[in-house]
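**Student:** Please find model-v9.csv (CSV, N, CA and C atoms and all ligand atoms) on the next line:
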```csv
chain,number,residue,atom,x,y,z
F,1,MET,N,28.5,8.4,0.3
F,1,MET,CA,27.2,8.3,-0.5
F,1,MET,C,27.2,6.9,-1.2
F,2,SER,N,26.1,6.4,-1.5
F,2,SER,CA,25.9,5.2,-2.3
F,2,SER,C,24.9,5.5,-3.4
F,3,THR,N,24.9,4.7,-4.4
F,3,THR,CA,23.9,4.9,-5.4
F,3,THR,C,23.1,3.6,-5.6
F,4,VAL,N,21.8,3.7,-5.8
F,4,VAL,CA,20.9,2.6,-6.1
F,4,VAL,C,20.2,2.9,-7.4
F,5,VAL,N,20.4,1.9,-8.3
F,5,VAL,CA,19.7,2.0,-9.6
F,5,VAL,C,18.6,1.0,-9.6
F,6,TYR,N,17.4,1.6,-9.6
F,6,TYR,CA,16.1,0.8,-9.6
F,6,TYR,C,15.6,0.7,-11.0
F,7,THR,N,15.2,-0.5,-11.4
F,7,THR,CA,14.6,-0.7,-12.7
F,7,THR,C,13.2,-1.3,-12.4
F,8,ALA,N,12.2,-0.5,-12.7
F,8,ALA,CA,10.8,-0.9,-12.5
F,8,ALA,C,10.4,-2.0,-13.5
F,9,HIS,N,9.3,-2.7,-13.2
F,9,HIS,CA,8.9,-3.8,-14.1
F,9,HIS,C,8.6,-3.3,-15.5
F,10,ASP,N,8.2,-2.1,-15.7
F,10,ASP,CA,8.0,-1.5,-17.0
F,10,ASP,C,9.2,-1.0,-17.7
F,11,GLY,N,10.4,-1.1,-17.0
F,11,GLY,CA,11.6,-0.7,-17.6
F,11,GLY,C,12.1,0.7,-17.3
F,12,VAL,N,11.3,1.4,-16.5
F,12,VAL,CA,11.7,2.7,-16.1
F,12,VAL,C,12.9,2.6,-15.1
F,13,VAL,N,13.9,3.4,-15.3
F,13,VAL,CA,15.1,3.3,-14.5
F,13,VAL,C,15.2,4.6,-13.7
F,14,THR,N,15.4,4.4,-12.4
F,14,THR,CA,15.6,5.6,-11.4
F,14,THR,C,16.8,5.4,-10.6
F,15,SER,N,17.7,6.4,-10.7
F,15,SER,CA,19.0,6.3,-9.9
F,15,SER,C,18.9,7.3,-8.7
F,16,ILE,N,19.1,6.7,-7.5
F,16,ILE,CA,19.0,7.5,-6.3
F,16,ILE,C,20.3,7.5,-5.5
F,17,ASP,N,20.8,8.6,-5.0
F,17,ASP,CA,21.9,8.6,-4.1
F,17,ASP,C,21.3,8.3,-2.7
F,18,GLY,N,21.9,7.3,-2.1
F,18,GLY,CA,21.4,6.8,-0.8
F,18,GLY,C,22.4,7.1,0.3
F,19,ARG,N,21.9,7.0,1.5
F,19,ARG,CA,22.8,7.2,2.7
F,19,ARG,C,23.3,5.8,3.2
F,20,PRO,N,24.6,5.7,3.4
F,20,PRO,CA,25.1,4.5,4.0
F,20,PRO,C,24.4,4.1,5.3
F,21,GLY,N,24.0,2.8,5.4
F,21,GLY,CA,23.3,2.4,6.6
F,21,GLY,C,21.8,2.3,6.3
F,22,ASP,N,21.3,3.0,5.4
F,22,ASP,CA,19.9,2.9,5.0
F,22,ASP,C,19.7,1.7,4.2
F,23,SER,N,18.5,1.1,4.1
F,23,SER,CA,18.3,0.0,3.2
F,23,SER,C,17.9,0.4,1.8
F,24,ILE,N,17.9,-0.5,0.9
F,24,ILE,CA,17.4,-0.3,-0.4
F,24,ILE,C,15.9,0.0,-0.4
F,25,MET,N,15.2,-0.7,0.5
F,25,MET,CA,13.8,-0.4,0.6
F,25,MET,C,13.5,1.0,1.1
F,26,GLU,N,14.2,1.4,2.2
F,26,GLU,CA,14.0,2.7,2.8
F,26,GLU,C,14.3,3.8,1.8
F,27,THR,N,15.4,3.6,1.0
F,27,THR,CA,15.8,4.6,0.0
F,27,THR,C,14.8,4.8,-1.1
F,28,ALA,N,14.2,3.6,-1.5
F,28,ALA,CA,13.1,3.7,-2.5
F,28,ALA,C,11.9,4.4,-2.0
F,29,VAL,N,11.4,4.0,-0.8
F,29,VAL,CA,10.2,4.6,-0.2
F,29,VAL,C,10.3,6.1,0.0
F,30,ARG,N,11.5,6.5,0.6
F,30,ARG,CA,11.7,7.9,0.9
F,30,ARG,C,11.7,8.8,-0.4
F,31,ASN,N,12.1,8.1,-1.5
F,31,ASN,CA,12.3,8.9,-2.8
F,31,ASN,C,11.1,8.6,-3.7
F,32,GLY,N,10.1,7.9,-3.3
F,32,GLY,CA,8.9,7.7,-4.2
F,32,GLY,C,9.2,6.8,-5.3
F,33,VAL,N,10.1,5.9,-5.2
F,33,VAL,CA,10.4,5.0,-6.3
F,33,VAL,C,9.2,3.9,-6.3
F,34,ARG,N,8.6,3.8,-7.5
F,34,ARG,CA,7.5,2.9,-7.6
F,34,ARG,C,8.0,1.4,-7.6
F,35,GLY,N,7.2,0.5,-7.1
F,35,GLY,CA,7.5,-0.9,-7.2
F,35,GLY,C,8.0,-1.6,-6.0
F,36,ILE,N,8.3,-0.8,-5.0
F,36,ILE,CA,8.7,-1.3,-3.7
F,36,ILE,C,7.7,-0.7,-2.6
F,37,VAL,N,7.0,-1.6,-1.9
F,37,VAL,CA,6.0,-1.1,-0.9
F,37,VAL,C,6.6,-1.0,0.5
F,38,GLY,N,7.2,-2.0,1.0
F,38,GLY,CA,7.8,-1.9,2.3
F,38,GLY,C,6.8,-1.8,3.4
F,39,GLU,N,5.7,-2.5,3.3
F,39,GLU,CA,4.6,-2.4,4.2
F,39,GLU,C,4.9,-2.5,5.7
F,40,CYS,N,5.8,-3.4,6.0
F,40,CYS,CA,6.1,-3.6,7.5
F,40,CYS,C,7.2,-2.7,8.0
F,41,GLY,N,7.7,-1.8,7.1
F,41,GLY,CA,8.8,-0.9,7.6
F,41,GLY,C,10.1,-1.5,7.7
F,42,GLY,N,10.3,-2.7,7.3
F,42,GLY,CA,11.6,-3.3,7.3
F,42,GLY,C,11.8,-4.3,8.4
F,43,SER,N,10.7,-4.8,9.0
F,43,SER,CA,10.8,-5.7,10.1
F,43,SER,C,10.7,-7.2,9.7
F,44,LEU,N,10.9,-7.4,8.4
F,44,LEU,CA,11.0,-8.7,7.8
F,44,LEU,C,9.7,-9.6,8.0
F,45,SER,N,8.5,-8.9,7.8
F,45,SER,CA,7.3,-9.6,8.1
F,45,SER,C,6.3,-9.4,6.9
F,46,CYS,N,6.7,-8.8,5.8
F,46,CYS,CA,5.6,-8.6,4.8
F,46,CYS,C,6.0,-9.1,3.4
F,47,ALA,N,7.3,-9.1,3.1
F,47,ALA,CA,7.8,-9.5,1.7
F,47,ALA,C,7.3,-8.6,0.6
F,48,THR,N,6.9,-7.3,0.9
F,48,THR,CA,6.5,-6.4,-0.2
F,48,THR,C,7.6,-5.5,-0.6
F,49,CYS,N,8.8,-5.9,-0.3
F,49,CYS,CA,10.0,-5.2,-0.8
F,49,CYS,C,10.9,-6.1,-1.6
F,50,HIS,N,10.3,-7.0,-2.3
F,50,HIS,CA,11.0,-8.0,-3.1
F,50,HIS,C,11.7,-7.4,-4.3
F,51,VAL,N,12.9,-7.7,-4.5
F,51,VAL,CA,13.7,-7.2,-5.7
F,51,VAL,C,14.5,-8.4,-6.2
F,52,PHE,N,14.8,-8.2,-7.5
F,52,PHE,CA,15.8,-9.1,-8.2
F,52,PHE,C,17.1,-8.3,-8.3
F,53,VAL,N,18.1,-8.9,-7.8
F,53,VAL,CA,19.4,-8.2,-7.7
F,53,VAL,C,20.3,-8.6,-8.8
F,54,ALA,N,20.9,-7.6,-9.5
F,54,ALA,CA,21.8,-7.8,-10.6
F,54,ALA,C,23.0,-8.6,-10.1
F,55,SER,N,23.6,-9.3,-11.1
F,55,SER,CA,24.7,-10.3,-10.7
F,55,SER,C,25.8,-9.6,-9.9
F,56,GLU,N,26.3,-8.4,-10.4
F,56,GLU,CA,27.4,-7.8,-9.7
F,56,GLU,C,27.0,-7.3,-8.3
F,57,THR,N,25.8,-6.9,-8.2
F,57,THR,CA,25.3,-6.5,-6.9
F,57,THR,C,25.1,-7.7,-6.0
F,58,PHE,N,24.7,-8.8,-6.5
F,58,PHE,CA,24.5,-10.0,-5.7
F,58,PHE,C,25.9,-10.4,-5.1
F,59,GLU,N,26.9,-10.3,-5.9
F,59,GLU,CA,28.2,-10.6,-5.4
F,59,GLU,C,28.6,-9.8,-4.2
F,60,LEU,N,28.2,-8.5,-4.3
F,60,LEU,CA,28.5,-7.6,-3.2
F,60,LEU,C,27.6,-7.9,-1.9
F,61,VAL,N,26.3,-8.1,-2.1
F,61,VAL,CA,25.4,-8.2,-0.9
F,61,VAL,C,25.2,-9.7,-0.5
F,62,GLY,N,25.5,-10.6,-1.3
F,62,GLY,CA,25.3,-12.0,-0.9
F,62,GLY,C,23.8,-12.5,-0.9
F,63,GLY,N,23.6,-13.7,-0.5
F,63,GLY,CA,22.2,-14.2,-0.4
F,63,GLY,C,21.5,-13.9,0.9
F,64,PRO,N,20.3,-14.3,1.0
F,64,PRO,CA,19.5,-14.0,2.1
F,64,PRO,C,19.9,-14.8,3.4
F,65,GLY,N,19.5,-14.3,4.5
F,65,GLY,CA,19.7,-15.0,5.8
F,65,GLY,C,18.5,-16.0,5.9
F,66,ASP,N,18.5,-16.8,6.9
F,66,ASP,CA,17.5,-17.9,7.1
F,66,ASP,C,16.1,-17.4,7.1
F,67,LEU,N,15.8,-16.3,7.9
F,67,LEU,CA,14.4,-15.8,8.0
F,67,LEU,C,14.0,-15.2,6.7
F,68,GLU,N,14.9,-14.4,6.2
F,68,GLU,CA,14.6,-13.7,4.9
F,68,GLU,C,14.3,-14.8,3.8
F,69,ASP,N,15.1,-15.9,3.8
F,69,ASP,CA,14.9,-17.0,2.9
F,69,ASP,C,13.5,-17.6,3.0
F,70,GLU,N,13.0,-17.7,4.2
F,70,GLU,CA,11.6,-18.2,4.5
F,70,GLU,C,10.6,-17.2,3.9
F,71,MET,N,10.8,-15.9,4.2
F,71,MET,CA,9.9,-14.9,3.7
F,71,MET,C,9.8,-14.8,2.2
F,72,LEU,N,10.9,-15.1,1.6
F,72,LEU,CA,11.0,-15.1,0.1
F,72,LEU,C,10.1,-16.1,-0.5
F,73,ASP,N,9.7,-17.1,0.3
F,73,ASP,CA,8.7,-18.1,-0.3
F,73,ASP,C,7.3,-17.6,-0.3
F,74,GLY,N,7.1,-16.4,0.3
F,74,GLY,CA,5.7,-15.8,0.3
F,74,GLY,C,5.6,-14.6,-0.5
F,75,THR,N,6.5,-14.3,-1.5
F,75,THR,CA,6.4,-13.1,-2.3
F,75,THR,C,5.2,-13.2,-3.3
F,76,ALA,N,4.7,-12.0,-3.7
F,76,ALA,CA,3.6,-12.0,-4.7
F,76,ALA,C,4.0,-12.6,-6.0
F,77,VAL,N,5.2,-12.3,-6.4
F,77,VAL,CA,5.7,-12.9,-7.7
F,77,VAL,C,6.8,-13.9,-7.2
F,78,ASP,N,6.8,-15.1,-7.8
F,78,ASP,CA,7.7,-16.1,-7.4
F,78,ASP,C,9.1,-15.7,-7.4
F,79,ARG,N,9.8,-16.1,-6.4
F,79,ARG,CA,11.2,-15.8,-6.2
F,79,ARG,C,12.1,-16.4,-7.3
F,80,GLN,N,13.2,-15.8,-7.5
F,80,GLN,CA,14.2,-16.3,-8.5
F,80,GLN,C,15.5,-16.5,-7.7
F,81,HIS,N,16.5,-17.0,-8.4
F,81,HIS,CA,17.8,-17.3,-7.7
F,81,HIS,C,18.4,-16.0,-7.2
F,82,ASN,N,18.1,-14.9,-7.7
F,82,ASN,CA,18.7,-13.6,-7.3
F,82,ASN,C,17.7,-12.7,-6.5
F,83,SER,N,16.7,-13.3,-5.9
F,83,SER,CA,15.7,-12.6,-5.2
F,83,SER,C,16.3,-12.2,-3.8
F,84,ARG,N,16.0,-11.0,-3.4
F,84,ARG,CA,16.3,-10.5,-2.0
F,84,ARG,C,15.1,-9.7,-1.5
F,85,LEU,N,15.0,-9.5,-0.2
F,85,LEU,CA,14.1,-8.5,0.3
F,85,LEU,C,14.9,-7.3,0.6
F,86,SER,N,14.5,-6.2,-0.1
F,86,SER,CA,15.4,-5.0,-0.1
F,86,SER,C,15.5,-4.3,1.2
F,87,CYS,N,14.6,-4.6,2.2
F,87,CYS,CA,14.8,-4.0,3.5
F,87,CYS,C,16.0,-4.6,4.2
F,88,GLN,N,16.5,-5.7,3.7
F,88,GLN,CA,17.6,-6.4,4.4
F,88,GLN,C,18.9,-6.1,3.8
F,89,ILE,N,18.9,-5.2,2.8
F,89,ILE,CA,20.2,-4.8,2.1
F,89,ILE,C,20.5,-3.4,2.5
F,90,LYS,N,21.5,-3.3,3.4
F,90,LYS,CA,22.0,-2.0,3.9
F,90,LYS,C,23.1,-1.4,3.0
F,91,LEU,N,23.0,-0.1,2.7
F,91,LEU,CA,23.9,0.5,1.8
F,91,LEU,C,25.3,0.7,2.5
F,92,GLN,N,26.3,0.4,1.7
F,92,GLN,CA,27.7,0.7,2.2
F,92,GLN,C,28.2,1.9,1.4
F,93,ASP,N,29.0,2.7,2.1
F,93,ASP,CA,29.5,3.9,1.5
F,93,ASP,C,30.3,3.6,0.2
F,94,GLY,N,30.1,4.3,-0.8
F,94,GLY,CA,30.9,4.2,-2.1
F,94,GLY,C,30.5,3.1,-3.0
F,95,CYS,N,29.4,2.4,-2.7
F,95,CYS,CA,29.0,1.2,-3.5
F,95,CYS,C,27.8,1.6,-4.4
F,96,GLU,N,27.6,0.9,-5.5
F,96,GLU,CA,26.5,1.1,-6.4
F,96,GLU,C,25.7,-0.3,-6.4
F,97,TYR,N,24.4,-0.1,-6.4
F,97,TYR,CA,23.5,-1.3,-6.3
F,97,TYR,C,22.5,-1.2,-7.5
F,98,HIS,N,22.3,-2.4,-8.1
F,98,HIS,CA,21.3,-2.5,-9.2
F,98,HIS,C,20.3,-3.5,-8.9
F,99,VAL,N,19.0,-3.1,-8.8
F,99,VAL,CA,17.9,-4.0,-8.6
F,99,VAL,C,16.8,-3.8,-9.5
F,100,THR,N,16.0,-4.8,-9.8
F,100,THR,CA,14.8,-4.8,-10.6
F,100,THR,C,13.6,-5.2,-9.8
F,101,MET,N,12.5,-4.5,-9.9
F,101,MET,CA,11.3,-4.8,-9.1
F,101,MET,C,10.4,-5.8,-9.9
F,102,PRO,N,9.8,-6.7,-9.2
F,102,PRO,CA,8.8,-7.6,-9.8
F,102,PRO,C,7.5,-6.9,-10.2
F,103,SER,N,6.7,-7.5,-11.0
F,103,SER,CA,5.5,-6.9,-11.5
F,103,SER,C,4.5,-6.5,-10.4
F,104,GLU,N,4.5,-7.2,-9.3
F,104,GLU,CA,3.6,-6.8,-8.2
F,104,GLU,C,4.3,-7.2,-6.8
F,105,GLN,N,3.8,-6.6,-5.8
F,105,GLN,CA,4.4,-6.8,-4.4
F,105,GLN,C,3.3,-7.4,-3.5
F,106,VAL,N,2.0,-7.2,-3.8
F,106,VAL,CA,1.0,-7.7,-2.9
F,106,VAL,C,0.0,-8.6,-3.6
K,201,LIG,S1,9.7,-4.2,4.2
K,201,LIG,FE1,8.6,-5.9,5.0
K,201,LIG,S2,9.9,-7.6,4.7
K,201,LIG,FE2,11.0,-5.9,3.8
```
What does the file become when written as C-alpha cells?
Ligand code: FES
**Tutor:**
Amino acid sequence: MSTVVYTAHDGVVTSIDGRPGDSIMETAVRNGVRGIVGECGGSLSCATCHVFVASETFELVGGPGDLEDEMLDGTAVDRQHNSRLSCQIKLQDGCEYHVTMPSEQV
C-alpha cells in the first residue's frame, strides 16, 4: 500500500491509501479528491492533473520527462519548479507522497 496526502488550494488535506502502480491522478479521481480533474484519463494530453510536489516527494519521484515537461507549459496555473502532472507519477509500494493542487485546472 502507498499513501498520498493531497492538499487542496484551500488548505483541506485528504490522505488516501493508494494501490502501487496506480497514478496519483487515478487515486485522486477514484476517491473524489477535489482539485485534480484528469480529463484525458492519463494519456498526457490535457494537463488538468497538475500538482505541486513537496520537496521530499520530489526527491522520490524526480522531474518530468520531455513530453510532460512540454505539457506543463500549458497548465491553467503557471508551473513552478516542483510542478508535475500527477497522471505520470505511479505509486510505489510502501511510499508516501505529498502534493498540493493549484487553484484551477482548466
Ligand atoms: S490526466 Fe491528462 S495529462 Fe494527466
**Student:** What does the distance between atom C of Met71 (chain F) and atom C of Phe58 (chain F) come to in Å, to one decimal place?
**Tutor:**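 Result for atom C of Met71 (chain F) versus atom C of Phe58 (chain F): 18.2 Å, one decimal.
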**Student:** Of the candidates F:Ala47, F:Ala76, F:Leu67, F:Cys87, which shows the shortest atom-to-atom distance to Ile24 (chain F), using all atoms listed in the file?
**Tutor:** F:Cys87
**Student:** Residues within 7 Å of ligand LIG 201 (chain K), counting only N, CA and C atoms and all ligand atoms: report them as a list in words.
**Tutor:**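 If we count only N, CA and C atoms and all ligand atoms, the neighbours of ligand LIG 201 (chain K) turn out to be Met25, Val37, Gly38, Glu39, Cys40, Gly41, Gly42, Ser43, Leu44, Ser45, Cys46, Ala47, Thr48, Cys49, His50, Leu85, Ser86, Cys87 and Gln88 of chain F.
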**Student:** Closest to Thr3 (chain F) among F:Asn31, F:Gln92, F:Thr75, F:Ser83, using only C-alpha atoms?
**Tutor:** F:Gln92
**Student:** Distance CA of Asp10 (chain F)-atom C of Asp93 (chain F), one decimal place?
**Tutor:** 28.6 Å
**Student:** List every protein, DNA or RNA residue that has at least one atom no more than 10 Å from (20.6, 0.7, 9.4) in the file's coordinates, counting only C-alpha atoms, and write the result as a PyMOL selection string.
**Tutor:** chain F and resi 19-23+26+87-91
